[in-house]
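Peer 1: Structure file entry26.cif (mmCIF, C-alpha atoms and all ligand atoms) right here:
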data_run
loop_
_atom_site.label_atom_id
_atom_site.label_comp_id
_atom_site.auth_asym_id
_atom_site.auth_seq_id
_atom_site.Cartn_x
_atom_site.Cartn_y
_atom_site.Cartn_z
CA MET G 154 21.01 5.87 -21.43
CA SER G 155 21.53 9.63 -21.17
CA ALA G 156 24.18 11.46 -19.19
CA LEU G 157 23.64 15.16 -18.63
CA ALA G 158 27.06 16.75 -18.30
CA GLU G 159 26.06 19.96 -16.49
CA ARG G 160 24.44 17.94 -13.70
CA ASP G 161 25.63 14.55 -12.54
CA ILE G 162 22.49 12.73 -13.73
CA THR G 163 22.37 9.33 -15.41
CA ILE G 164 19.09 7.64 -16.27
CA ASP G 165 18.91 4.00 -17.38
CA SER G 166 15.66 2.71 -18.80
CA PHE G 167 14.49 -0.90 -18.85
CA VAL G 168 10.76 -0.49 -19.57
CA ASP G 169 9.81 -1.43 -23.12
CA ALA G 170 9.40 1.58 -25.36
CA GLY G 171 6.37 0.04 -27.14
CA ALA G 172 3.40 -1.29 -25.22
CA GLY G 173 4.47 -4.96 -25.43
CA SER G 174 4.21 -5.94 -21.78
CA LEU G 175 1.03 -3.86 -21.31
CA ALA G 176 -0.57 -5.74 -24.22
CA ARG G 177 0.43 -9.11 -22.75
CA ASP G 178 -0.73 -8.20 -19.24
CA VAL G 179 -4.04 -6.75 -20.47
CA ARG G 180 -4.70 -9.85 -22.56
CA SER G 181 -3.98 -12.19 -19.66
CA GLY G 182 -5.71 -10.05 -17.00
CA LEU G 183 -8.88 -9.09 -18.87
CA GLY G 184 -9.09 -12.29 -20.91
CA ARG G 185 -10.08 -14.19 -17.75
CA PRO G 186 -13.62 -15.27 -16.87
CA PRO G 187 -15.99 -12.71 -15.28
CA GLY G 188 -15.24 -12.23 -11.58
CA GLU G 189 -11.51 -12.91 -12.08
CA ARG G 190 -10.59 -10.04 -14.38
CA GLU G 191 -7.78 -7.78 -13.17
CA LEU G 192 -5.20 -5.19 -14.21
CA GLN G 193 -1.82 -4.64 -12.60
CA PRO G 194 -1.57 -1.50 -10.46
CA LYS G 195 1.71 -0.37 -12.07
CA TYR G 196 -0.34 0.66 -15.12
CA LEU G 197 -2.12 3.32 -13.05
CA TYR G 198 1.07 5.39 -13.20
CA ASP G 199 1.65 7.34 -16.38
CA GLU G 200 2.41 11.06 -16.03
CA HIS G 201 -1.27 11.85 -15.32
CA GLY G 202 -1.58 8.92 -12.88
CA SER G 203 1.50 10.07 -10.96
CA GLU G 204 0.02 13.59 -10.73
CA LEU G 205 -3.25 12.15 -9.42
CA PHE G 206 -1.38 10.05 -6.86
CA ASP G 207 0.45 13.18 -5.76
CA ARG G 208 -2.96 14.85 -5.19
CA ILE G 209 -4.11 11.77 -3.24
CA THR G 210 -1.19 12.19 -0.84
CA ARG G 211 -2.57 15.62 0.15
CA LEU G 212 -6.22 14.57 0.64
CA PRO G 213 -7.61 14.88 4.18
CA GLU G 214 -8.79 11.23 4.13
CA TYR G 215 -5.46 9.81 2.89
CA TYR G 216 -3.47 9.60 6.14
CA PRO G 217 -0.57 7.27 5.08
CA THR G 218 1.66 9.94 3.51
CA ARG G 219 1.26 12.37 6.42
CA CYS G 220 1.94 9.64 8.98
CA GLU G 221 5.00 8.30 7.17
CA ARG G 222 6.35 11.81 6.69
CA ALA G 223 6.01 12.44 10.44
CA ILE G 224 7.97 9.24 11.19
CA LEU G 225 10.70 10.06 8.67
CA ASN G 226 11.08 13.66 9.82
CA ARG G 227 11.59 12.42 13.36
CA GLN G 228 13.74 9.35 12.68
CA ALA G 229 15.86 10.37 9.67
CA PRO G 230 18.92 11.70 11.56
CA GLY G 231 19.05 8.60 13.82
CA LEU G 232 18.56 6.27 10.86
CA VAL G 233 21.44 7.86 9.01
CA GLU G 234 23.65 7.66 12.08
CA THR G 235 22.89 4.05 13.02
CA THR G 236 23.00 2.67 9.47
CA GLY G 237 26.05 4.67 8.40
CA ALA G 238 24.31 4.97 5.01
CA ARG G 239 26.12 6.95 2.31
CA GLU G 240 23.81 6.25 -0.59
CA LEU G 241 20.02 6.27 -0.89
CA VAL G 242 18.33 3.85 -3.30
CA GLU G 243 14.59 4.45 -3.50
CA LEU G 244 12.25 1.90 -5.09
CA GLY G 245 8.93 3.29 -6.41
CA SER G 246 10.37 6.74 -5.73
CA GLY G 247 7.52 8.80 -7.26
CA THR G 248 7.98 12.49 -6.48
CA ALA G 249 10.39 11.57 -3.65
CA SER G 250 8.68 14.13 -1.45
CA LYS G 251 9.15 12.30 1.89
CA THR G 252 12.62 11.13 0.92
CA ARG G 253 13.88 14.64 1.34
CA ALA G 254 14.07 14.14 5.12
CA LEU G 255 16.53 11.28 4.56
CA LEU G 256 18.57 13.20 1.99
CA TYR G 257 18.68 16.22 4.29
CA ALA G 258 19.93 14.09 7.19
CA MET G 259 22.53 12.38 4.97
CA ALA G 260 23.76 15.71 3.59
CA GLY G 261 23.92 17.10 7.13
CA ALA G 262 26.10 14.17 8.18
CA GLY G 263 28.35 14.70 5.13
CA ALA G 264 27.26 11.26 3.91
CA LEU G 265 25.26 11.87 0.75
CA ASP G 266 27.29 10.14 -1.97
CA ARG G 267 24.51 9.27 -4.41
CA TYR G 268 20.73 9.07 -4.86
CA VAL G 269 19.22 6.27 -6.97
CA PRO G 270 15.50 6.81 -7.73
CA PHE G 271 13.84 3.74 -9.31
CA ASP G 272 10.36 3.98 -10.79
CA VAL G 273 8.30 2.59 -13.65
CA ASP G 274 7.15 6.10 -14.65
CA PRO G 275 9.97 7.93 -16.50
CA SER G 276 8.42 11.36 -15.84
CA VAL G 277 8.82 11.11 -12.04
CA VAL G 278 12.42 9.83 -12.28
CA GLU G 279 13.41 12.70 -14.59
CA ASN G 280 11.58 15.36 -12.56
CA CYS G 281 12.97 14.29 -9.21
CA ALA G 282 16.51 13.99 -10.62
CA HIS G 283 16.27 17.65 -11.67
CA GLU G 284 14.59 18.86 -8.49
CA LEU G 285 17.11 17.13 -6.26
CA THR G 286 20.15 18.33 -8.19
CA ASP G 287 18.71 21.83 -7.85
CA LEU G 288 18.50 21.31 -4.08
CA TYR G 289 21.89 19.56 -3.82
CA PRO G 290 24.14 20.86 -6.61
CA GLY G 291 26.73 18.24 -7.52
CA LEU G 292 24.69 15.35 -6.07
CA PRO G 293 25.18 12.32 -8.33
CA VAL G 294 21.75 10.94 -9.29
CA HIS G 295 21.55 7.59 -11.05
CA GLY G 296 17.91 7.06 -12.02
CA VAL G 297 16.52 3.73 -13.09
CA VAL G 298 13.26 3.51 -15.06
CA GLY G 299 12.16 -0.06 -14.54
CA ASP G 300 9.80 -2.51 -12.91
CA PHE G 301 10.89 -3.43 -9.38
CA GLN G 302 9.36 -6.87 -9.91
CA HIS G 303 11.72 -7.55 -12.82
CA HIS G 304 14.65 -5.16 -12.91
CA LEU G 305 16.17 -4.98 -9.42
CA GLY G 306 19.33 -6.53 -10.91
CA HIS G 307 19.88 -3.23 -12.74
CA VAL G 308 20.23 -1.15 -9.57
CA PRO G 309 23.82 0.14 -9.65
CA ALA G 310 26.15 -1.67 -7.24
CA GLY G 311 27.22 0.14 -4.09
CA GLU G 312 27.96 -0.15 -0.41
CA ARG G 313 26.43 1.35 2.72
CA ARG G 314 23.18 1.81 0.86
CA LEU G 315 19.85 2.57 2.46
CA ILE G 316 17.36 0.85 0.16
CA ALA G 317 14.04 2.58 0.82
CA PHE G 318 10.63 1.34 -0.27
CA LEU G 319 8.20 3.86 1.12
CA GLY G 320 4.52 4.71 0.91
CA SER G 321 3.35 1.11 1.53
CA THR G 322 3.77 0.36 -2.17
CA ILE G 323 4.72 -3.17 -1.07
CA GLY G 324 1.04 -3.52 -0.10
CA ASN G 325 0.08 -3.24 -3.77
CA LEU G 326 1.76 -6.59 -4.45
CA LEU G 327 -0.09 -9.89 -4.03
CA PRO G 328 1.33 -12.16 -1.27
CA SER G 329 3.35 -14.37 -3.65
CA GLU G 330 4.65 -11.31 -5.51
CA ARG G 331 5.62 -9.80 -2.14
CA GLY G 332 7.70 -12.85 -1.24
CA ALA G 333 9.49 -12.78 -4.59
CA PHE G 334 10.06 -9.02 -4.35
CA LEU G 335 11.54 -9.23 -0.83
CA ALA G 336 13.80 -12.09 -1.94
CA GLY G 337 14.96 -9.88 -4.83
CA VAL G 338 15.75 -7.01 -2.46
CA ARG G 339 17.68 -9.40 -0.20
CA GLU G 340 19.66 -10.66 -3.19
CA MET G 341 20.84 -7.17 -4.09
CA MET G 342 21.93 -6.37 -0.50
CA GLY G 343 25.52 -6.52 0.70
CA PRO G 344 26.33 -6.78 4.43
CA SER G 345 26.55 -2.99 4.85
CA ASP G 346 23.19 -2.28 3.17
CA ARG G 347 19.91 -1.77 5.05
CA PHE G 348 16.30 -1.98 3.89
CA LEU G 349 13.82 0.71 4.98
CA LEU G 350 10.23 -0.37 4.40
CA GLY G 351 7.13 1.79 4.87
CA THR G 352 3.86 -0.06 5.46
CA ASP G 353 0.33 0.96 6.25
CA LEU G 354 -0.98 -0.80 9.36
CA LEU G 355 -4.28 -2.59 9.99
CA LYS G 356 -6.89 -0.34 11.63
CA GLU G 357 -10.63 0.34 11.75
CA VAL G 358 -12.41 -0.42 8.49
CA GLY G 359 -14.06 3.03 8.40
CA VAL G 360 -10.70 4.82 8.38
CA LEU G 361 -9.28 2.45 5.77
CA GLU G 362 -12.21 2.70 3.40
CA ALA G 363 -12.49 6.50 3.73
CA ALA G 364 -8.84 6.81 2.60
CA TYR G 365 -9.77 5.18 -0.73
CA ASN G 366 -13.19 6.85 -1.19
CA ASP G 367 -12.30 10.53 -0.87
CA ARG G 368 -15.04 13.11 -1.22
CA GLU G 369 -13.28 14.99 -4.03
CA GLY G 370 -13.17 11.87 -6.21
CA VAL G 371 -9.41 12.00 -6.82
CA THR G 372 -8.97 8.29 -6.01
CA ALA G 373 -11.80 7.49 -8.42
CA ALA G 374 -10.02 9.45 -11.17
CA PHE G 375 -6.75 7.68 -10.32
CA ASN G 376 -8.45 4.28 -10.55
CA LEU G 377 -10.12 5.16 -13.88
CA ASN G 378 -6.78 6.35 -15.26
CA VAL G 379 -5.77 2.75 -16.01
CA LEU G 380 -8.54 2.68 -18.67
CA ARG G 381 -7.25 5.94 -20.13
CA VAL G 382 -3.75 4.38 -20.36
CA ILE G 383 -5.14 1.30 -22.17
CA ASN G 384 -7.17 3.49 -24.55
CA ARG G 385 -4.07 5.53 -25.43
CA GLU G 386 -1.48 2.75 -25.60
CA LEU G 387 -3.56 -0.08 -27.09
CA GLY G 388 -6.14 1.89 -29.11
CA ALA G 389 -8.98 0.65 -26.88
CA ASP G 390 -12.41 2.29 -26.60
CA PHE G 391 -13.23 2.08 -22.89
CA ASP G 392 -15.88 4.67 -21.96
CA LEU G 393 -14.58 6.00 -18.62
CA GLU G 394 -18.02 7.39 -17.73
CA ALA G 395 -19.45 3.87 -17.89
CA PHE G 396 -17.37 2.65 -14.92
CA GLU G 397 -17.77 3.28 -11.22
CA HIS G 398 -14.89 3.37 -8.70
CA VAL G 399 -15.26 0.79 -5.90
CA ALA G 400 -12.94 0.44 -2.88
CA THR G 401 -13.75 -1.95 -0.02
CA PHE G 402 -11.76 -3.59 2.77
CA ASP G 403 -11.54 -7.39 2.75
CA PRO G 404 -10.47 -8.68 6.19
CA GLY G 405 -9.42 -12.12 4.81
CA PRO G 406 -6.32 -10.99 2.91
CA SER G 407 -6.29 -7.75 4.98
CA TRP G 408 -6.43 -5.43 1.99
CA VAL G 409 -8.45 -2.63 0.48
CA GLU G 410 -9.38 -3.71 -3.01
CA LEU G 411 -9.87 -1.16 -5.81
CA ARG G 412 -12.18 -2.19 -8.61
CA LEU G 413 -13.90 -0.66 -11.62
CA ARG G 414 -17.56 -1.68 -11.94
CA ALA G 415 -19.41 -1.51 -15.28
CA ARG G 416 -22.56 0.62 -14.85
CA SER G 417 -24.19 -1.14 -17.81
CA GLU G 418 -23.21 -3.77 -20.37
CA GLN G 419 -19.92 -2.78 -22.02
CA ARG G 420 -18.52 -4.00 -25.30
CA VAL G 421 -14.90 -2.96 -25.50
CA SER G 422 -12.43 -3.39 -28.32
CA ILE G 423 -8.71 -3.48 -27.39
CA PRO G 424 -6.92 -3.86 -30.74
CA GLY G 425 -3.39 -3.57 -29.31
CA ALA G 426 -4.07 -6.60 -27.10
CA ASP G 427 -6.04 -8.41 -29.79
CA LEU G 428 -9.01 -8.59 -27.41
CA GLU G 429 -12.75 -7.99 -27.65
CA LEU G 430 -14.38 -7.82 -24.24
CA THR G 431 -17.99 -7.92 -23.09
CA LEU G 432 -18.71 -6.94 -19.50
CA ALA G 433 -22.11 -7.59 -17.96
CA PRO G 434 -23.79 -4.79 -15.97
CA GLY G 435 -22.20 -4.69 -12.50
CA GLU G 436 -19.18 -6.75 -13.56
CA GLU G 437 -15.93 -5.66 -11.93
CA ILE G 438 -12.26 -5.47 -12.84
CA ARG G 439 -9.78 -5.49 -9.94
CA THR G 440 -7.20 -2.74 -10.44
CA GLU G 441 -5.27 -2.68 -7.14
CA VAL G 442 -4.96 -4.26 -3.72
CA SER G 443 -3.57 -2.25 -0.83
CA THR G 444 -2.54 -4.58 1.98
CA LYS G 445 -2.68 -3.46 5.61
CA PHE G 446 0.01 -5.05 7.79
CA THR G 447 0.72 -6.00 11.38
CA LEU G 448 4.19 -6.09 12.94
CA ASP G 449 4.04 -9.91 13.20
CA VAL G 450 3.33 -10.35 9.50
CA LEU G 451 6.12 -7.94 8.58
CA ALA G 452 8.73 -9.58 10.80
CA ARG G 453 7.76 -13.00 9.44
CA GLU G 454 7.87 -11.97 5.78
CA LEU G 455 11.20 -10.17 6.20
CA ALA G 456 12.64 -13.23 7.98
CA SER G 457 11.42 -15.54 5.17
CA ALA G 458 13.35 -13.35 2.74
CA GLY G 459 16.54 -13.54 4.85
CA MET G 460 16.26 -10.21 6.64
CA GLU G 461 16.13 -9.34 10.31
CA LEU G 462 14.03 -6.51 11.69
CA GLU G 463 16.42 -4.12 13.47
CA ALA G 464 13.94 -1.38 14.33
CA PHE G 465 10.27 -0.54 13.90
CA PHE G 466 8.90 2.99 14.19
CA THR G 467 5.33 4.27 14.05
CA ASP G 468 3.64 7.66 14.21
CA PRO G 469 2.16 8.50 17.64
CA ALA G 470 -1.28 7.08 16.69
CA GLY G 471 0.22 3.83 15.33
CA MET G 472 -1.33 4.29 11.88
CA PHE G 473 1.78 3.63 9.78
CA GLY G 474 4.96 1.60 10.30
CA LEU G 475 8.55 2.06 9.17
CA SER G 476 10.75 -1.05 9.40
CA LEU G 477 14.53 -1.11 9.27
CA ALA G 478 15.90 -4.50 8.25
CA ALA G 479 19.38 -5.97 7.84
CA PRO G 480 20.50 -8.96 5.78
CA VAL G 481 21.17 -12.09 7.85
N1 LIG C 1 7.25 6.36 -2.81
C1 LIG C 1 6.29 7.41 -3.11
C2 LIG C 1 5.37 7.05 -4.25
C3 LIG C 1 4.38 5.94 -3.96
S1 LIG C 1 3.26 5.72 -5.32
C4 LIG C 1 5.50 7.72 -1.88
O1 LIG C 1 5.70 7.06 -0.86
O2 LIG C 1 4.70 8.64 -1.89
C5 LIG C 1 3.92 4.23 -6.00
C6 LIG C 1 5.10 4.52 -6.92
O3 LIG C 1 5.63 3.25 -7.33
C7 LIG C 1 4.70 5.27 -8.18
O4 LIG C 1 5.61 6.30 -8.43
C8 LIG C 1 4.71 4.20 -9.27
O5 LIG C 1 5.04 4.70 -10.54
C9 LIG C 1 5.75 3.24 -8.74
N2 LIG C 1 5.52 1.86 -9.17
C10 LIG C 1 4.38 1.15 -9.09
N3 LIG C 1 4.58 -0.12 -9.53
C11 LIG C 1 5.88 -0.19 -9.90
C12 LIG C 1 6.70 -1.23 -10.41
N4 LIG C 1 6.20 -2.44 -10.64
N5 LIG C 1 8.01 -0.96 -10.63
C13 LIG C 1 8.53 0.29 -10.38
N6 LIG C 1 7.80 1.31 -9.90
C14 LIG C 1 6.50 1.07 -9.65
C1 LIG C 2 1.11 3.63 -3.73
N1 LIG C 2 0.14 2.90 -2.93
C2 LIG C 2 0.75 2.40 -1.71
C3 LIG C 2 -1.13 3.58 -2.73
C4 LIG C 2 -2.00 2.79 -1.72
O1 LIG C 2 -2.48 3.42 -0.78
O2 LIG C 2 -2.15 1.58 -1.88
C5 LIG C 2 -1.86 3.74 -4.03
C6 LIG C 2 -3.23 4.27 -3.88
N2 LIG C 2 -4.29 3.76 -4.44
C7 LIG C 2 -5.34 4.48 -4.14
N3 LIG C 2 -4.95 5.47 -3.33
C8 LIG C 2 -3.64 5.36 -3.17
#
Show how you would write the structure in this file as structure tokens.

Peer 2:
Amino acid sequence: MSALAERDITIDSFVDAGAGSLARDVRSGLGRPPGERELQPKYLYDEHGSELFDRITRLPEYYPTRCERAILNRQAPGLVETTGARELVELGSGTASKTRALLYAMAGAGALDRYVPFDVDPSVVENCAHELTDLYPGLPVHGVVGDFQHHLGHVPAGERRLIAFLGSTIGNLLPSERGAFLAGVREMMGPSDRFLLGTDLLKEVGVLEAAYNDREGVTAAFNLNVLRVINRELGADFDLEAFEHVATFDPGPSWVELRLRARSEQRVSIPGADLELTLAPGEEIRTEVSTKFTLDVLARELASAGMELEAFFTDPAGMFGLSLAAPV
């Protein structure tokens, strides 16, 4: 834990300093039979991965960030008024670029008591704590570096909190993980807290697939970054050039799936995970799913977790949804 006296910043860290959980997850995800191999999307985000994601948010094909920003800019003052929120907790906060509309509205209402960014990447938590205390001198920032699938219990207690989970990051969880995550959010909520959930909505396949196959190749670089992380942290020898980025929509689970496809046979050594891997030409590793939701699915999943949908906002074209939910 570090407290910086000149600014009111505290940062708690719960991710393991070594690469212990990465080694375990790589062993269990890549040690599977061909066709079932996968890596968890949280490992896409080291400092370089977060920078690449930030570039993705500005790509012409990647509409979700622009649409969610438009909703937040329009709805933030009303959300602050109706929820009476005094504290903003943000899960998967990243660069917190869209969050600024909420902070601005809270500050304008004289109701900005604290900001709690929570992210697995320490670099984004530290950077946004500094940027936001520059913007709002004296703002208490209590950052948490952790995994929102394991460490929600470490979010500092509070009341009248708006717990935001933006960007459709919930869509990167598998259905069972989503249920467990929503139950975890519900468990940390008191009666005066509200949950603000951003989700990408189901739409034409062409639009969805274009958003994950940008012409500049930034999404491809982001996808390949997980191999760079494994090479660095576990001493592996993945050849990044030998893998192709693949992103296709699967209507069954309603998600865009990101995969890395071996261009030729690959023999990879991953000493830190005690794993030797052979991939046949064309064999794929799933690196991320990005689920596309409908209002029905959202209302049902929130209700299963013990939350009631109080409001649902979209951008004018109905591309992206922002749900406000209360504990029941
Ligand atoms: N909320 C921002 C960033 C979205 S990118 C936006 O809407 O633009 C997803 C963010 O979630 C990244 O910053 C990533 O580091 C973080 N993240 C991904 N998996 C995580 C996990 N399991 N626990 C905590 N943070 C996670
Ligand atoms: C953070 N998350 C919601 C992004 C998404 O759209 O699923 C991550 C991403 N992957 C490729 N492009 C963007």

Peer 1: Within 9 Å of stretch 206-222 of chain G, which residues of stretch 275-388 of chain G come that close, and what is the closest atom pair and distance in Å for each? Count all atoms listed in the file and give it as a Markdown table.

Peer 2:
| residue | atom | partner | partner_atom | distance |
| --- | --- | --- | --- | --- |
| G:Leu319 | CA | G:Glu221 | CA | 8.2 |
| G:Gly320 | CA | G:Thr218 | CA | 6.5 |
| G:Ser321 | CA | G:Pro217 | CA | 8.1 |
| G:Gly351 | CA | G:Glu221 | CA | 7.2 |
| G:Thr352 | CA | G:Pro217 | CA | 8.6 |
| G:Asp353 | CA | G:Pro217 | CA | 6.5 |
| G:Val360 | CA | G:Glu214 | CA | 7.9 |
| G:Leu361 | CA | G:Tyr215 | CA | 8.8 |
| G:Ala363 | CA | G:Glu214 | CA | 6.0 |
| G:Ala364 | CA | G:Tyr215 | CA | 4.5 |
| G:Tyr365 | CA | G:Tyr215 | CA | 7.3 |
| G:Asn366 | CA | G:Glu214 | CA | 8.2 |
| G:Asp367 | CA | G:Glu214 | CA | 6.1 |
| G:Arg368 | CA | G:Glu214 | CA | 8.4 |
| G:Glu369 | CA | G:Leu212 | CA | 8.5 |
| G:Val371 | CA | G:Ile209 | CA | 6.4 |
| G:Thr372 | CA | G:Ile209 | CA | 6.6 |
| G:Phe375 | CA | G:Phe206 | CA | 6.8 |

Peer 1: Can you pull out every residue within 9 Å of G:Arg339, counting only C-alpha atoms, but drop anything in the same chain fewer than 6 positions away, and send it as a ChimeraX atom specification?

Peer 2: /G:348,458-460,479-480

Peer 1: Tell me, counting only C-alpha atoms and all ligand atoms, for each residue of chain G within 7 Å of ligand LIG 1 (chain C), which pair of atoms is nearest and how far apart they are in Å to one decimal, in rows ordered by chain and increasing number, as a Markdown table.

Peer 2:
| residue | atom | partner | partner_atom | distance |
| --- | --- | --- | --- | --- |
| G:Pro194 | CA | C:LIG1 | N3 | 6.4 |
| G:Lys195 | CA | C:LIG1 | N3 | 3.8 |
| G:Tyr198 | CA | C:LIG1 | O5 | 4.8 |
| G:Ser203 | CA | C:LIG1 | O4 | 6.1 |
| G:Phe206 | CA | C:LIG1 | S1 | 6.5 |
| G:Thr210 | CA | C:LIG1 | O2 | 7.0 |
| G:Thr218 | CA | C:LIG1 | O2 | 6.3 |
| G:Leu244 | CA | C:LIG1 | N6 | 6.6 |
| G:Gly245 | CA | C:LIG1 | O3 | 3.4 |
| G:Ser246 | CA | C:LIG1 | N1 | 4.3 |
| G:Gly247 | CA | C:LIG1 | O4 | 3.4 |
| G:Thr248 | CA | C:LIG1 | C1 | 6.3 |
| G:Ala249 | CA | C:LIG1 | C1 | 5.9 |
| G:Ser250 | CA | C:LIG1 | O2 | 6.8 |
| G:Lys251 | CA | C:LIG1 | O1 | 6.9 |
| G:Phe271 | CA | C:LIG1 | C13 | 6.4 |
| G:Asp272 | CA | C:LIG1 | N6 | 3.8 |
| G:Val273 | CA | C:LIG1 | N6 | 4.0 |
| G:Asp274 | CA | C:LIG1 | O5 | 4.8 |
| G:Val277 | CA | C:LIG1 | O4 | 6.8 |
| G:Gly299 | CA | C:LIG1 | C13 | 5.5 |
| G:Asp300 | CA | C:LIG1 | N5 | 3.3 |
| G:Phe301 | CA | C:LIG1 | N5 | 4.0 |
| G:Gln302 | CA | C:LIG1 | N4 | 5.5 |
| G:Phe318 | CA | C:LIG1 | N1 | 6.6 |
| G:Leu319 | CA | C:LIG1 | O1 | 4.5 |
| G:Gly320 | CA | C:LIG1 | O1 | 3.2 |
| G:Ser321 | CA | C:LIG1 | O1 | 6.8 |
| G:Thr322 | CA | C:LIG1 | C5 | 5.4 |

Peer 1: Using all atoms listed in the file, pick whichever of G:Leu411, G:Ala470, G:Leu451, G:Val297 has the shortest atom-to-atom distance to G:Ile323.

Peer 2: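 Selected residue with least distance to G:Ile323: G:Leu451.
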
Peer 1: Choose the residue, out of G:Leu197, G:Ala176, G:Ala238, G:Val450, that has the smallest atom-to-atom separation from ligand LIG 2 (chain C); count all atoms listed in the file.

Peer 2: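 Counting all atoms listed in the file, the residue closest to ligand LIG 2 (chain C) is G:Leu197.
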
Peer 1: Here is a test: counting all atoms listed in the file, which residue of G:Ser417, G:Thr235, G:Ser443, G:Thr431 is nearest to ligand LIG 2 (chain C)?

Peer 2: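 Of G:Ser417, G:Thr235, G:Ser443, G:Thr431, the one nearest ligand LIG 2 (chain C) is G:Ser443, counting all atoms listed in the file.
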
Peer 1: So, with only C-alpha atoms as the atoms that count, which of G:Glu362, G:Ala254, G:Val442, G:Glu429 lies closest to G:Arg180?

Peer 2: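 Among G:Glu362, G:Ala254, G:Val442, G:Glu429, it is G:Glu429 that comes nearest to G:Arg180.
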
Peer 1: If you measure from atom CA of G:Glu191 to atom CA of G:Leu430, what distance in Å do you get, rounded to one decimal?

Peer 2: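 Pair atom CA of G:Glu191 / atom CA of G:Leu430 returns 12.9 Å.
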
Peer 1: Leaving out G:Ile423 and any residue of its chain fewer than 4 positions from it, which residues lie within 7 Å of it when counting all atoms listed in the file, given as a list in words?

Peer 2: Leu387, Gly388, Ala389, Asp390, Asp427, Leu428 and Glu429 of chain G

Peer 1: From the options G:Phe391, G:Arg412, G:Thr163, G:Ile316, which residue's atoms come nearest to G:Arg190, counting all atoms listed in the file?

Peer 2: G:Arg412

Peer 1: What's the 9 Å shell around G:Pro230, counting only C-alpha atoms, without same-chain residues fewer than 5 positions away, as a list in words?

Peer 2: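 Final neighbour list, sorted by chain and number: Leu225, Thr235, Ala254, Leu255, Tyr257, Ala258, Met259, Gly261 and Ala262 of chain G.
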
Peer 1: Check the smallest atom-to-atom distance from each of G:Phe167, G:Phe334, G:Tyr268, G:Tyr196 to ligand LIG 2 (chain C) using all atoms listed in the file, then report the winner.

Peer 2: G:Tyr196

Peer 1: Applying 9 Å and all atoms listed in the file, which residues near G:Asp178 remain after dropping the ones on its own chain fewer than 3 positions away? List them as a PyMOL selection string.

Peer 2: chain G and resi 173-175+181-183+192-193+426

Peer 1: Using only C-alpha atoms, find all polymer residues with an atom at most 10 Å away from the point (-7.1, -5.5, 2.9); report them as a PyMOL selection string.

Peer 2: chain G and resi 324+355+358+361-362+401-410+442-446

Peer 1: Please fill the gaps in stretch 423-435 of chain G so it has N, CA and C atoms, and write that as an mmCIF file, in the coordinates of the input.

Peer 2:
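As written to disk, rebuild-v7.cif reads:
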data_model
loop_
_atom_site.group_PDB
_atom_site.id
_atom_site.type_symbol
_atom_site.label_atom_id
_atom_site.label_comp_id
_atom_site.auth_asym_id
_atom_site.auth_seq_id
_atom_site.Cartn_x
_atom_site.Cartn_y
_atom_site.Cartn_z
ATOM 1 N N ILE G 423 -10.087 -3.846 -27.789
ATOM 2 C CA ILE G 423 -8.710 -3.480 -27.390
ATOM 3 C C ILE G 423 -7.766 -4.030 -28.471
ATOM 4 N N PRO G 424 -7.672 -3.314 -29.607
ATOM 5 C CA PRO G 424 -6.920 -3.860 -30.740
ATOM 6 C C PRO G 424 -5.467 -4.190 -30.410
ATOM 7 N N GLY G 425 -4.813 -3.343 -29.631
ATOM 8 C CA GLY G 425 -3.390 -3.570 -29.310
ATOM 9 C C GLY G 425 -3.157 -4.828 -28.491
ATOM 10 N N ALA G 426 -4.214 -5.352 -27.860
ATOM 11 C CA ALA G 426 -4.070 -6.600 -27.100
ATOM 12 C C ALA G 426 -4.814 -7.727 -27.797
ATOM 13 N N ASP G 427 -5.322 -7.413 -29.008
ATOM 14 C CA ASP G 427 -6.040 -8.410 -29.790
ATOM 15 C C ASP G 427 -7.194 -9.010 -28.972
ATOM 16 N N LEU G 428 -7.990 -8.129 -28.354
ATOM 17 C CA LEU G 428 -9.010 -8.590 -27.410
ATOM 18 C C LEU G 428 -10.325 -7.830 -27.622
ATOM 19 N N GLU G 429 -11.405 -8.569 -27.659
ATOM 20 C CA GLU G 429 -12.750 -7.990 -27.650
ATOM 21 C C GLU G 429 -13.387 -8.448 -26.346
ATOM 22 N N LEU G 430 -13.941 -7.506 -25.606
ATOM 23 C CA LEU G 430 -14.380 -7.820 -24.240
ATOM 24 C C LEU G 430 -15.844 -7.437 -24.079
ATOM 25 N N THR G 431 -16.620 -8.311 -23.463
ATOM 26 C CA THR G 431 -17.990 -7.920 -23.090
ATOM 27 C C THR G 431 -18.107 -8.036 -21.582
ATOM 28 N N LEU G 432 -18.526 -6.947 -20.956
ATOM 29 C CA LEU G 432 -18.710 -6.940 -19.500
ATOM 30 C C LEU G 432 -20.195 -6.800 -19.207
ATOM 31 N N ALA G 433 -20.700 -7.663 -18.342
ATOM 32 C CA ALA G 433 -22.110 -7.590 -17.960
ATOM 33 C C ALA G 433 -22.319 -6.396 -17.023
ATOM 34 N N PRO G 434 -23.548 -5.883 -16.921
ATOM 35 C CA PRO G 434 -23.790 -4.790 -15.970
ATOM 36 C C PRO G 434 -23.367 -5.224 -14.565
ATOM 37 N N GLY G 435 -22.627 -4.388 -13.870
ATOM 38 C CA GLY G 435 -22.200 -4.690 -12.500
ATOM 39 C C GLY G 435 -20.901 -5.505 -12.440
#
